[in-house]
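Heads up, work_34.pdb below (PDB, C-alpha atoms):
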```pdb
ATOM      1  CA  MET A   1     312.561 -60.585  83.707
ATOM      2  CA  SER A   2     309.284 -62.414  84.168
ATOM      3  CA  ILE A   3     305.762 -61.266  83.470
ATOM      4  CA  ARG A   4     303.535 -62.732  86.168
ATOM      5  CA  LEU A   5     300.090 -62.166  87.654
ATOM      6  CA  ALA A   6     300.025 -59.327  90.182
ATOM      7  CA  THR A   7     299.306 -60.083  93.820
ATOM      8  CA  GLU A   8     297.791 -57.648  96.293
ATOM      9  CA  PRO A   9     301.183 -56.840  97.937
ATOM     10  CA  ASP A  10     302.558 -55.888  94.486
ATOM     11  CA  PHE A  11     300.379 -52.791  94.608
ATOM     12  CA  GLU A  12     302.936 -51.173  96.922
ATOM     13  CA  HIS A  13     305.222 -51.071  93.864
ATOM     14  CA  ILE A  14     302.517 -50.482  91.274
ATOM     15  CA  TRP A  15     301.138 -47.404  93.033
ATOM     16  CA  PRO A  16     304.241 -45.167  92.539
ATOM     17  CA  ILE A  17     304.214 -46.040  88.820
ATOM     18  CA  PHE A  18     300.468 -45.390  88.528
ATOM     19  CA  HIS A  19     300.634 -42.185  90.534
ATOM     20  CA  GLU A  20     303.529 -40.709  88.559
ATOM     21  CA  ILE A  21     301.838 -41.367  85.224
ATOM     22  CA  VAL A  22     298.290 -40.423  86.206
ATOM     23  CA  SER A  23     299.170 -37.282  88.144
ATOM     24  CA  ALA A  24     301.083 -36.009  85.096
ATOM     25  CA  GLY A  25     297.755 -36.198  83.244
ATOM     26  CA  GLU A  26     299.253 -36.536  79.781
ATOM     27  CA  THR A  27     298.333 -40.051  78.722
ATOM     28  CA  TYR A  28     295.542 -41.647  80.790
ATOM     29  CA  THR A  29     291.960 -40.497  81.355
ATOM     30  CA  TYR A  30     291.969 -41.226  85.055
ATOM     31  CA  ALA A  31     291.462 -38.167  87.266
ATOM     32  CA  ARG A  32     294.892 -36.665  87.979
ATOM     33  CA  ASP A  33     294.222 -36.681  91.717
ATOM     34  CA  THR A  34     293.171 -40.355  91.800
ATOM     35  CA  ALA A  35     293.856 -41.592  95.348
ATOM     36  CA  ARG A  36     295.654 -44.817  96.166
ATOM     37  CA  GLU A  37     292.510 -46.733  97.205
ATOM     38  CA  GLN A  38     290.716 -45.709  94.022
ATOM     39  CA  ALA A  39     293.772 -46.671  91.964
ATOM     40  CA  PHE A  40     293.775 -50.095  93.607
ATOM     41  CA  HIS A  41     290.155 -50.536  92.588
ATOM     42  CA  LEU A  42     290.720 -49.327  89.016
ATOM     43  CA  TRP A  43     293.925 -51.263  88.328
ATOM     44  CA  MET A  44     293.662 -54.362  90.548
ATOM     45  CA  GLU A  45     289.949 -55.066  91.049
ATOM     46  CA  LEU A  46     287.973 -53.857  88.031
ATOM     47  CA  PRO A  47     290.064 -55.606  85.353
ATOM     48  CA  ARG A  48     289.822 -59.296  84.627
ATOM     49  CA  GLN A  49     293.563 -59.753  85.263
ATOM     50  CA  THR A  50     296.504 -57.570  86.306
ATOM     51  CA  TRP A  51     300.089 -58.503  85.455
ATOM     52  CA  VAL A  52     303.503 -57.160  86.466
ATOM     53  CA  ALA A  53     306.902 -57.157  84.786
ATOM     54  CA  ASP A  54     309.151 -58.398  87.598
ATOM     55  CA  ASP A  55     312.922 -58.024  87.256
ATOM     56  CA  ALA A  56     314.374 -60.053  90.145
ATOM     57  CA  GLY A  57     311.814 -58.676  92.569
ATOM     58  CA  LYS A  58     311.705 -55.147  91.134
ATOM     59  CA  ILE A  59     308.401 -54.196  89.475
ATOM     60  CA  LEU A  60     309.259 -52.315  86.281
ATOM     61  CA  GLY A  61     305.851 -52.290  84.641
ATOM     62  CA  THR A  62     302.274 -53.464  84.871
ATOM     63  CA  TYR A  63     299.286 -54.058  82.647
ATOM     64  CA  TYR A  64     295.642 -55.006  82.997
ATOM     65  CA  ILE A  65     293.339 -56.917  80.698
ATOM     66  CA  LYS A  66     289.564 -56.540  80.717
ATOM     67  CA  THR A  67     286.544 -57.218  78.545
ATOM     68  CA  ASN A  68     285.938 -54.012  76.591
ATOM     69  CA  GLN A  69     282.160 -54.331  76.136
ATOM     70  CA  GLN A  70     279.556 -56.772  77.386
ATOM     71  CA  GLY A  71     276.963 -58.661  75.331
ATOM     72  CA  GLY A  72     277.758 -58.756  71.619
ATOM     73  CA  GLY A  73     281.036 -56.898  72.215
ATOM     74  CA  ALA A  74     282.466 -59.285  74.795
ATOM     75  CA  HIS A  75     284.912 -60.953  72.399
ATOM     76  CA  VAL A  76     287.121 -57.831  72.366
ATOM     77  CA  ALA A  77     289.720 -57.251  75.086
ATOM     78  CA  ASN A  78     291.015 -53.938  76.353
ATOM     79  CA  CYS A  79     294.418 -53.445  77.997
ATOM     80  CA  GLY A  80     296.307 -50.630  79.686
ATOM     81  CA  TYR A  81     300.076 -50.584  80.245
ATOM     82  CA  MET A  82     302.331 -48.601  82.555
ATOM     83  CA  VAL A  83     306.134 -48.650  82.752
ATOM     84  CA  SER A  84     308.206 -47.178  85.571
ATOM     85  CA  SER A  85     309.998 -43.978  84.532
ATOM     86  CA  GLN A  86     313.267 -45.663  85.589
ATOM     87  CA  ALA A  87     312.725 -48.409  83.018
ATOM     88  CA  ARG A  88     311.514 -46.551  79.918
ATOM     89  CA  GLY A  89     313.118 -47.348  76.593
ATOM     90  CA  CYS A  90     314.011 -50.907  77.598
ATOM     91  CA  GLY A  91     311.281 -52.595  75.585
ATOM     92  CA  ILE A  92     309.110 -53.430  78.581
ATOM     93  CA  ALA A  93     305.928 -51.972  77.074
ATOM     94  CA  SER A  94     306.529 -53.990  73.941
ATOM     95  CA  LEU A  95     307.102 -57.191  75.937
ATOM     96  CA  MET A  96     303.964 -56.577  77.997
ATOM     97  CA  CYS A  97     301.875 -55.851  74.909
ATOM     98  CA  GLU A  98     303.007 -59.070  73.205
ATOM     99  CA  HIS A  99     302.316 -60.958  76.414
ATOM    100  CA  SER A 100     298.859 -59.421  76.725
ATOM    101  CA  GLN A 101     297.929 -60.431  73.187
ATOM    102  CA  GLN A 102     298.895 -64.025  73.903
ATOM    103  CA  GLN A 103     297.015 -63.891  77.185
ATOM    104  CA  ALA A 104     293.949 -62.412  75.464
ATOM    105  CA  ARG A 105     293.982 -65.239  72.918
ATOM    106  CA  GLU A 106     294.178 -67.808  75.723
ATOM    107  CA  LEU A 107     291.207 -66.142  77.430
ATOM    108  CA  GLY A 108     289.254 -66.512  74.186
ATOM    109  CA  TYR A 109     289.216 -62.921  72.938
ATOM    110  CA  ARG A 110     289.211 -62.395  69.181
ATOM    111  CA  ALA A 111     290.517 -58.817  69.107
ATOM    112  CA  MET A 112     292.059 -56.094  71.247
ATOM    113  CA  GLN A 113     290.983 -52.458  71.339
ATOM    114  CA  PHE A 114     292.650 -49.397  72.845
ATOM    115  CA  ASN A 115     289.801 -46.933  73.351
ATOM    116  CA  PHE A 116     291.763 -43.782  73.972
ATOM    117  CA  VAL A 117     295.383 -43.333  72.890
ATOM    118  CA  VAL A 118     296.304 -39.666  73.262
ATOM    119  CA  SER A 119     297.579 -38.594  69.846
ATOM    120  CA  THR A 120     300.509 -36.635  71.331
ATOM    121  CA  ASN A 121     301.758 -39.798  73.069
ATOM    122  CA  GLU A 122     303.862 -40.486  69.998
ATOM    123  CA  GLY A 123     305.949 -43.263  71.525
ATOM    124  CA  ALA A 124     302.829 -45.247  72.335
ATOM    125  CA  VAL A 125     301.224 -44.660  68.932
ATOM    126  CA  ARG A 126     304.427 -45.753  67.186
ATOM    127  CA  LEU A 127     304.831 -48.840  69.368
ATOM    128  CA  TRP A 128     301.242 -50.046  69.033
ATOM    129  CA  THR A 129     301.458 -49.496  65.278
ATOM    130  CA  GLN A 130     304.674 -51.549  65.104
ATOM    131  CA  LEU A 131     302.930 -54.287  67.060
ATOM    132  CA  GLY A 132     300.164 -54.513  64.476
ATOM    133  CA  PHE A 133     297.458 -52.221  65.846
ATOM    134  CA  ALA A 134     295.566 -50.163  63.274
ATOM    135  CA  THR A 135     294.295 -46.671  64.008
ATOM    136  CA  VAL A 136     290.581 -47.217  63.363
ATOM    137  CA  GLY A 137     289.301 -43.972  64.849
ATOM    138  CA  ARG A 138     290.292 -40.398  65.661
ATOM    139  CA  LEU A 139     288.347 -38.521  68.351
ATOM    140  CA  PRO A 140     288.692 -34.822  67.577
ATOM    141  CA  LEU A 141     289.996 -32.774  70.530
ATOM    142  CA  ALA A 142     288.737 -35.436  72.923
ATOM    143  CA  PHE A 143     291.662 -35.025  75.347
ATOM    144  CA  GLU A 144     292.638 -31.930  77.300
ATOM    145  CA  HIS A 145     296.402 -32.113  77.648
ATOM    146  CA  PRO A 146     297.809 -30.123  80.595
ATOM    147  CA  ARG A 147     300.446 -28.400  78.431
ATOM    148  CA  LEU A 148     299.132 -28.705  74.859
ATOM    149  CA  GLY A 149     295.419 -28.003  75.347
ATOM    150  CA  PHE A 150     292.774 -29.961  73.453
ATOM    151  CA  VAL A 151     294.289 -32.702  71.283
ATOM    152  CA  ASP A 152     292.900 -35.710  69.407
ATOM    153  CA  ALA A 153     292.720 -39.211  70.805
ATOM    154  CA  LEU A 154     292.994 -42.375  68.727
ATOM    155  CA  VAL A 155     291.124 -45.656  68.795
ATOM    156  CA  MET A 156     293.476 -48.541  67.953
ATOM    157  CA  TYR A 157     292.462 -52.112  67.162
ATOM    158  CA  LYS A 158     294.038 -55.460  66.333
ATOM    159  CA  SER A 159     292.422 -58.733  65.394
ATOM    160  CA  LEU A 160     293.832 -61.667  67.381
ATOM    161  CA  HIS A 161     291.992 -64.214  65.312
ATOM    162  CA  LYS A 162     293.915 -66.433  62.944
TER     163      LYS A 162
ATOM    164  CA  MET B   1     255.069 -34.832  75.196
ATOM    165  CA  SER B   2     257.591 -33.673  77.746
ATOM    166  CA  ILE B   3     261.152 -34.797  78.309
ATOM    167  CA  ARG B   4     261.775 -34.782  82.043
ATOM    168  CA  LEU B   5     264.225 -36.255  84.548
ATOM    169  CA  ALA B   6     263.425 -39.866  85.434
ATOM    170  CA  THR B   7     262.354 -40.722  88.959
ATOM    171  CA  GLU B   8     262.830 -44.094  90.616
ATOM    172  CA  PRO B   9     259.167 -45.155  90.061
ATOM    173  CA  ASP B  10     259.593 -44.487  86.329
ATOM    174  CA  PHE B  11     261.779 -47.571  86.154
ATOM    175  CA  GLU B  12     258.641 -49.710  86.189
ATOM    176  CA  HIS B  13     257.988 -48.337  82.687
ATOM    177  CA  ILE B  14     261.624 -48.095  81.611
ATOM    178  CA  TRP B  15     262.365 -51.748  82.376
ATOM    179  CA  PRO B  16     260.065 -53.260  79.677
ATOM    180  CA  ILE B  17     261.673 -50.958  77.077
ATOM    181  CA  PHE B  18     265.190 -51.803  78.271
ATOM    182  CA  HIS B  19     264.461 -55.515  78.481
ATOM    183  CA  GLU B  20     262.928 -55.760  75.017
ATOM    184  CA  ILE B  21     265.864 -53.975  73.386
ATOM    185  CA  VAL B  22     268.663 -55.596  75.377
ATOM    186  CA  SER B  23     267.335 -59.152  75.246
ATOM    187  CA  ALA B  24     267.137 -58.862  71.447
ATOM    188  CA  GLY B  25     270.919 -58.296  71.545
ATOM    189  CA  GLU B  26     271.093 -56.420  68.242
ATOM    190  CA  THR B  27     272.034 -52.875  69.243
ATOM    191  CA  TYR B  28     273.424 -52.576  72.793
ATOM    192  CA  THR B  29     276.467 -54.211  74.382
ATOM    193  CA  TYR B  30     274.717 -55.051  77.616
ATOM    194  CA  ALA B  31     274.482 -58.765  78.374
ATOM    195  CA  ARG B  32     271.281 -60.073  76.782
ATOM    196  CA  ASP B  33     270.192 -61.644  80.076
ATOM    197  CA  THR B  34     270.698 -58.452  82.105
ATOM    198  CA  ALA B  35     268.375 -58.697  85.108
ATOM    199  CA  ARG B  36     266.090 -55.925  86.270
ATOM    200  CA  GLU B  37     268.227 -54.912  89.297
ATOM    201  CA  GLN B  38     271.355 -54.730  87.158
ATOM    202  CA  ALA B  39     269.468 -52.734  84.522
ATOM    203  CA  PHE B  40     268.377 -50.287  87.218
ATOM    204  CA  HIS B  41     271.999 -49.840  88.212
ATOM    205  CA  LEU B  42     273.220 -49.431  84.629
ATOM    206  CA  TRP B  43     270.498 -47.061  83.431
ATOM    207  CA  MET B  44     269.421 -45.165  86.560
ATOM    208  CA  GLU B  45     272.420 -45.106  88.909
ATOM    209  CA  LEU B  46     275.662 -45.187  86.907
ATOM    210  CA  PRO B  47     274.812 -42.309  84.548
ATOM    211  CA  ARG B  48     274.987 -38.681  85.570
ATOM    212  CA  GLN B  49     271.326 -38.139  84.593
ATOM    213  CA  THR B  50     268.480 -40.246  83.210
ATOM    214  CA  TRP B  51     265.573 -38.679  81.309
ATOM    215  CA  VAL B  52     262.235 -39.974  80.031
ATOM    216  CA  ALA B  53     259.962 -38.945  77.167
ATOM    217  CA  ASP B  54     256.585 -38.727  78.903
ATOM    218  CA  ASP B  55     253.417 -38.553  76.792
ATOM    219  CA  ALA B  56     250.622 -37.736  79.254
ATOM    220  CA  GLY B  57     251.939 -40.239  81.775
ATOM    221  CA  LYS B  58     253.048 -42.863  79.257
ATOM    222  CA  ILE B  59     256.828 -43.387  79.041
ATOM    223  CA  LEU B  60     257.694 -43.727  75.333
ATOM    224  CA  GLY B  61     261.456 -43.402  75.553
ATOM    225  CA  THR B  62     264.409 -42.821  77.815
ATOM    226  CA  TYR B  63     268.005 -41.667  77.634
ATOM    227  CA  TYR B  64     270.990 -41.319  79.934
ATOM    228  CA  ILE B  65     273.865 -38.882  79.911
ATOM    229  CA  LYS B  66     277.236 -39.619  81.459
ATOM    230  CA  THR B  67     280.826 -38.427  81.364
ATOM    231  CA  ASN B  68     282.569 -40.603  78.785
ATOM    232  CA  GLN B  69     286.092 -40.516  80.237
ATOM    233  CA  GLN B  70     287.607 -39.059  83.389
ATOM    234  CA  GLY B  71     290.633 -36.761  83.685
ATOM    235  CA  GLY B  72     291.588 -35.095  80.407
ATOM    236  CA  GLY B  73     288.612 -36.701  78.659
ATOM    237  CA  ALA B  74     285.930 -35.432  81.039
ATOM    238  CA  HIS B  75     284.661 -32.693  78.701
ATOM    239  CA  VAL B  76     283.036 -35.312  76.426
ATOM    240  CA  ALA B  77     279.560 -36.667  77.200
ATOM    241  CA  ASN B  78     278.166 -40.063  76.282
ATOM    242  CA  CYS B  79     274.465 -40.839  75.865
ATOM    243  CA  GLY B  80     272.315 -43.887  75.230
ATOM    244  CA  TYR B  81     268.739 -43.777  73.950
ATOM    245  CA  MET B  82     265.898 -46.285  73.970
ATOM    246  CA  VAL B  83     262.433 -45.940  72.448
ATOM    247  CA  SER B  84     259.466 -48.219  73.163
ATOM    248  CA  SER B  85     258.667 -50.518  70.241
ATOM    249  CA  GLN B  86     255.125 -49.073  70.288
ATOM    250  CA  ALA B  87     256.473 -45.590  69.600
ATOM    251  CA  ARG B  88     259.129 -46.158  66.928
ATOM    252  CA  GLY B  89     259.129 -43.902  63.890
ATOM    253  CA  CYS B  90     257.517 -40.997  65.731
ATOM    254  CA  GLY B  91     260.661 -38.910  66.018
ATOM    255  CA  ILE B  92     261.168 -39.592  69.707
ATOM    256  CA  ALA B  93     264.822 -40.630  69.360
ATOM    257  CA  SER B  94     265.480 -37.460  67.409
ATOM    258  CA  LEU B  95     263.762 -35.308  70.049
ATOM    259  CA  MET B  96     265.681 -37.016  72.845
ATOM    260  CA  CYS B  97     268.992 -36.642  71.020
ATOM    261  CA  GLU B  98     268.436 -32.905  70.468
ATOM    262  CA  HIS B  99     267.406 -32.574  74.102
ATOM    263  CA  SER B 100     270.495 -34.449  75.274
ATOM    264  CA  GLN B 101     272.807 -32.197  73.283
ATOM    265  CA  GLN B 102     271.273 -29.116  74.877
ATOM    266  CA  GLN B 103     271.483 -30.752  78.288
ATOM    267  CA  ALA B 104     275.121 -31.708  77.691
ATOM    268  CA  ARG B 105     275.949 -28.103  76.806
ATOM    269  CA  GLU B 106     274.267 -26.886  79.985
ATOM    270  CA  LEU B 107     276.294 -29.402  81.995
ATOM    271  CA  GLY B 108     279.454 -27.948  80.462
ATOM    272  CA  TYR B 109     280.391 -30.697  78.002
ATOM    273  CA  ARG B 110     282.153 -29.640  74.805
ATOM    274  CA  ALA B 111     281.379 -32.738  72.715
ATOM    275  CA  MET B 112     279.323 -35.932  72.636
ATOM    276  CA  GLN B 113     280.608 -39.386  71.702
ATOM    277  CA  PHE B 114     278.771 -42.609  70.914
ATOM    278  CA  ASN B 115     281.319 -45.344  71.593
ATOM    279  CA  PHE B 116     279.609 -48.253  69.924
ATOM    280  CA  VAL B 117     276.926 -47.838  67.257
ATOM    281  CA  VAL B 118     276.314 -51.233  65.653
ATOM    282  CA  SER B 119     276.821 -50.689  61.921
ATOM    283  CA  THR B 120     273.779 -52.774  60.991
ATOM    284  CA  ASN B 121     271.560 -50.487  63.109
ATOM    285  CA  GLU B 122     271.001 -48.393  59.988
ATOM    286  CA  GLY B 123     268.185 -46.287  61.387
ATOM    287  CA  ALA B 124     270.377 -45.124  64.248
ATOM    288  CA  VAL B 125     273.392 -44.440  62.027
ATOM    289  CA  ARG B 126     271.209 -42.425  59.630
ATOM    290  CA  LEU B 127     269.568 -40.449  62.438
ATOM    291  CA  TRP B 128     272.794 -39.575  64.274
ATOM    292  CA  THR B 129     274.342 -38.536  60.973
ATOM    293  CA  GLN B 130     271.352 -36.288  60.214
ATOM    294  CA  LEU B 131     271.747 -34.757  63.663
ATOM    295  CA  GLY B 132     275.341 -33.790  62.957
ATOM    296  CA  PHE B 133     277.344 -36.712  64.316
ATOM    297  CA  ALA B 134     280.399 -37.722  62.296
ATOM    298  CA  THR B 135     281.548 -41.322  62.019
ATOM    299  CA  VAL B 136     285.084 -40.961  63.410
ATOM    300  CA  GLY B 137     285.875 -44.621  63.845
ATOM    301  CA  ARG B 138     284.997 -48.102  62.609
ATOM    302  CA  LEU B 139     285.690 -51.098  64.862
ATOM    303  CA  PRO B 140     286.118 -54.106  62.584
ATOM    304  CA  LEU B 141     283.853 -57.040  63.509
ATOM    305  CA  ALA B 142     283.606 -55.722  67.075
ATOM    306  CA  PHE B 143     279.964 -56.779  67.515
ATOM    307  CA  GLU B 144     278.544 -60.269  67.384
ATOM    308  CA  HIS B 145     275.014 -59.872  66.035
ATOM    309  CA  PRO B 146     272.664 -62.738  66.938
ATOM    310  CA  ARG B 147     271.462 -63.138  63.332
ATOM    311  CA  LEU B 148     274.210 -61.554  61.206
ATOM    312  CA  GLY B 149     277.349 -62.766  62.968
ATOM    313  CA  PHE B 150     280.352 -60.489  63.448
ATOM    314  CA  VAL B 151     279.701 -56.963  62.160
ATOM    315  CA  ASP B 152     281.471 -53.611  62.505
ATOM    316  CA  ALA B 153     280.648 -51.018  65.119
ATOM    317  CA  LEU B 154     281.022 -47.267  64.629
ATOM    318  CA  VAL B 155     282.323 -44.504  66.853
ATOM    319  CA  MET B 156     280.323 -41.315  66.298
ATOM    320  CA  TYR B 157     281.209 -37.853  67.562
ATOM    321  CA  LYS B 158     279.842 -34.322  67.569
ATOM    322  CA  SER B 159     281.374 -31.122  68.869
ATOM    323  CA  LEU B 160     278.931 -29.114  70.994
ATOM    324  CA  HIS B 161     281.246 -26.148  71.224
ATOM    325  CA  LYS B 162     280.375 -22.985  69.334
TER     326      LYS B 162
END
```
Could you write out this structure as C-alpha cells?
Amino acid sequence: MSIRLATEPDFEHIWPIFHEIVSAGETYTYARDTAREQAFHLWMELPRQTWVADDAGKILGTYYIKTNQQGGGAHVANCGYMVSSQARGCGIASLMCEHSQQQARELGYRAMQFNFVVSTNEGAVRLWTQLGFATVGRLPLAFEHPRLGFVDALVMYKSLHK
Amino acid sequence: MSIRLATEPDFEHIWPIFHEIVSAGETYTYARDTAREQAFHLWMELPRQTWVADDAGKILGTYYIKTNQQGGGAHVANCGYMVSSQARGCGIASLMCEHSQQQARELGYRAMQFNFVVSTNEGAVRLWTQLGFATVGRLPLAFEHPRLGFVDALVMYKSLHK
C-alpha cells in the first residue's frame, strides 16, 4: 500500500468514505447532510494537502493536513483522517497518522493539534494516545452525538519538534 | 454607550482597532499583515453577527459571534472581542462579553468556547475567568509571541444552558 497525494479524480473514491462517516454524524463536526460539492471543497480544496492510502488502485483511506491557526499559531498543523469501513482494523489510520507527522515536519510545522476528538470515539482516542498525542483539553458536552446525546470532545496535541 | 449590530460603514472605525491589535501580533492568530479587505471578510462577513460598542457615535469596541463547529458541534458559539486602545480599562470588553453571552443564548447556543486565548494575555484570561469561563485546555507552546517566543494558549469554555 502506498500513501500518495490525492488527485482530483481520486475524489470519486474519497466521497463514499467521507459520506458514510459524515452522514453517521458520530465523529466529525461536518454537517451530516454535507453534499458532494461541499465535501470536495472541505476535503480537497481548503486543506494544504490531501493524501490517500492506495492499495493497488483501491483507496482505503484519506487524510488532509492544514495550518491550524494563522499568525502566531501557524507553526501548528491540523489533520483529519478517514478510513473506509471495509478496511477498518488494518492499521491504516495508524499508518496515515505516522505519515502525516512526517509530512508535517517536512512542511516545517512544530506540532500537531486535533481540535475536536469526540470522547466516545474510543478507538481514535486510544490510537492517537498510542501515537504520542496528549489530551490537553476536554470540551464539556461540546458534541451532540446522534445516539448518546451531549458528550465531551477532546483536544489532543503532539510536539513534532526534536 | 450602546452595543448594536455593526453596519458596513462602521468598518471604517473597526479597521483601525483591528489593525492595531492584529499587527501587534500578541493576542490574535490572524496574520500580522492582514490587509483591510481581508479583515473585512474575517470580521464582518465570516461571522454570524458583528456588533459594535458605540459611545455617541464613537466606536470603542467590537465583537463577532459565530458557530464554532458544524454538525454535532453547532450548539457552541465562538466570539472574538477587540477594544480600541483609547478605551482600554473602561469595562468595555466585559460589557461586550456579557452582551455576547445573552445574544448567544437568544440565538440558541448552549455554550461558548474561546479556542485560542494566548496565555500571556493575562488581562483577558483574568476577565474571562471572572465572567465564568473555565480553562478547559492548554495548548503547549502553540503561540509564537513576537517578544516572548513560544508560549501556551488556553481553551476557555462556558455553558450557557440553565
Residues matched by the PyMOL selection byres ((chain A) within 10 of (chain B)) as JSON, numbers by chain: {"A": [22, 23, 25, 26, 27, 28, 29, 30, 31, 32, 33, 34, 68, 69, 70, 71, 72, 73, 74, 75, 76, 110, 111, 112, 113, 115, 116, 118, 135, 136, 137, 138, 139, 140, 141, 142, 143, 144, 145, 146, 149, 150, 151, 153, 154, 155, 156, 157, 158, 159]}
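Taking atom CA of A:Gln86 and atom CA of A:Leu60 as the two end points, the separation is 7.8 Å.
Counting from atom CA of A:Val52, the distance to atom CA of A:Ala87 is 13.2 Å.
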Residues selected by the PyMOL selection byres ((chain A and resi 59) around 10), written as an MDAnalysis selection string: chainID A and resid 1:3 6 10:14 17 52:58 60:62 83:84 87
When you draw a straight line from atom CA of B:Leu148 to atom CA of B:Arg88, how long is it in Å?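 Separation between atom CA of B:Leu148 and atom CA of B:Arg88: 22.3 Å.
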I'd like the residues picked by the PyMOL selection byres ((chain B and resi 35-41) around 8) written out as JSON, numbers by chain, using the chain letters and numbers from the file. {"B": [11, 15, 18, 19, 33, 34, 42, 43, 44, 45, 46]}
Would you save the residues from that selection as a PDB file, keeping the file's coordinate frame, using C-alpha atoms?
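Written out: selection03.pdb:
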```
ATOM      1  CA  PHE B  11     261.779 -47.571  86.154  1.00  0.00           C
ATOM      2  CA  TRP B  15     262.365 -51.748  82.376  1.00  0.00           C
ATOM      3  CA  PHE B  18     265.190 -51.803  78.271  1.00  0.00           C
ATOM      4  CA  HIS B  19     264.461 -55.515  78.481  1.00  0.00           C
ATOM      5  CA  ASP B  33     270.192 -61.644  80.076  1.00  0.00           C
ATOM      6  CA  THR B  34     270.698 -58.452  82.105  1.00  0.00           C
ATOM      7  CA  LEU B  42     273.220 -49.431  84.629  1.00  0.00           C
ATOM      8  CA  TRP B  43     270.498 -47.061  83.431  1.00  0.00           C
ATOM      9  CA  MET B  44     269.421 -45.165  86.560  1.00  0.00           C
ATOM     10  CA  GLU B  45     272.420 -45.106  88.909  1.00  0.00           C
ATOM     11  CA  LEU B  46     275.662 -45.187  86.907  1.00  0.00           C
TER      12      LEU B  46
END
```
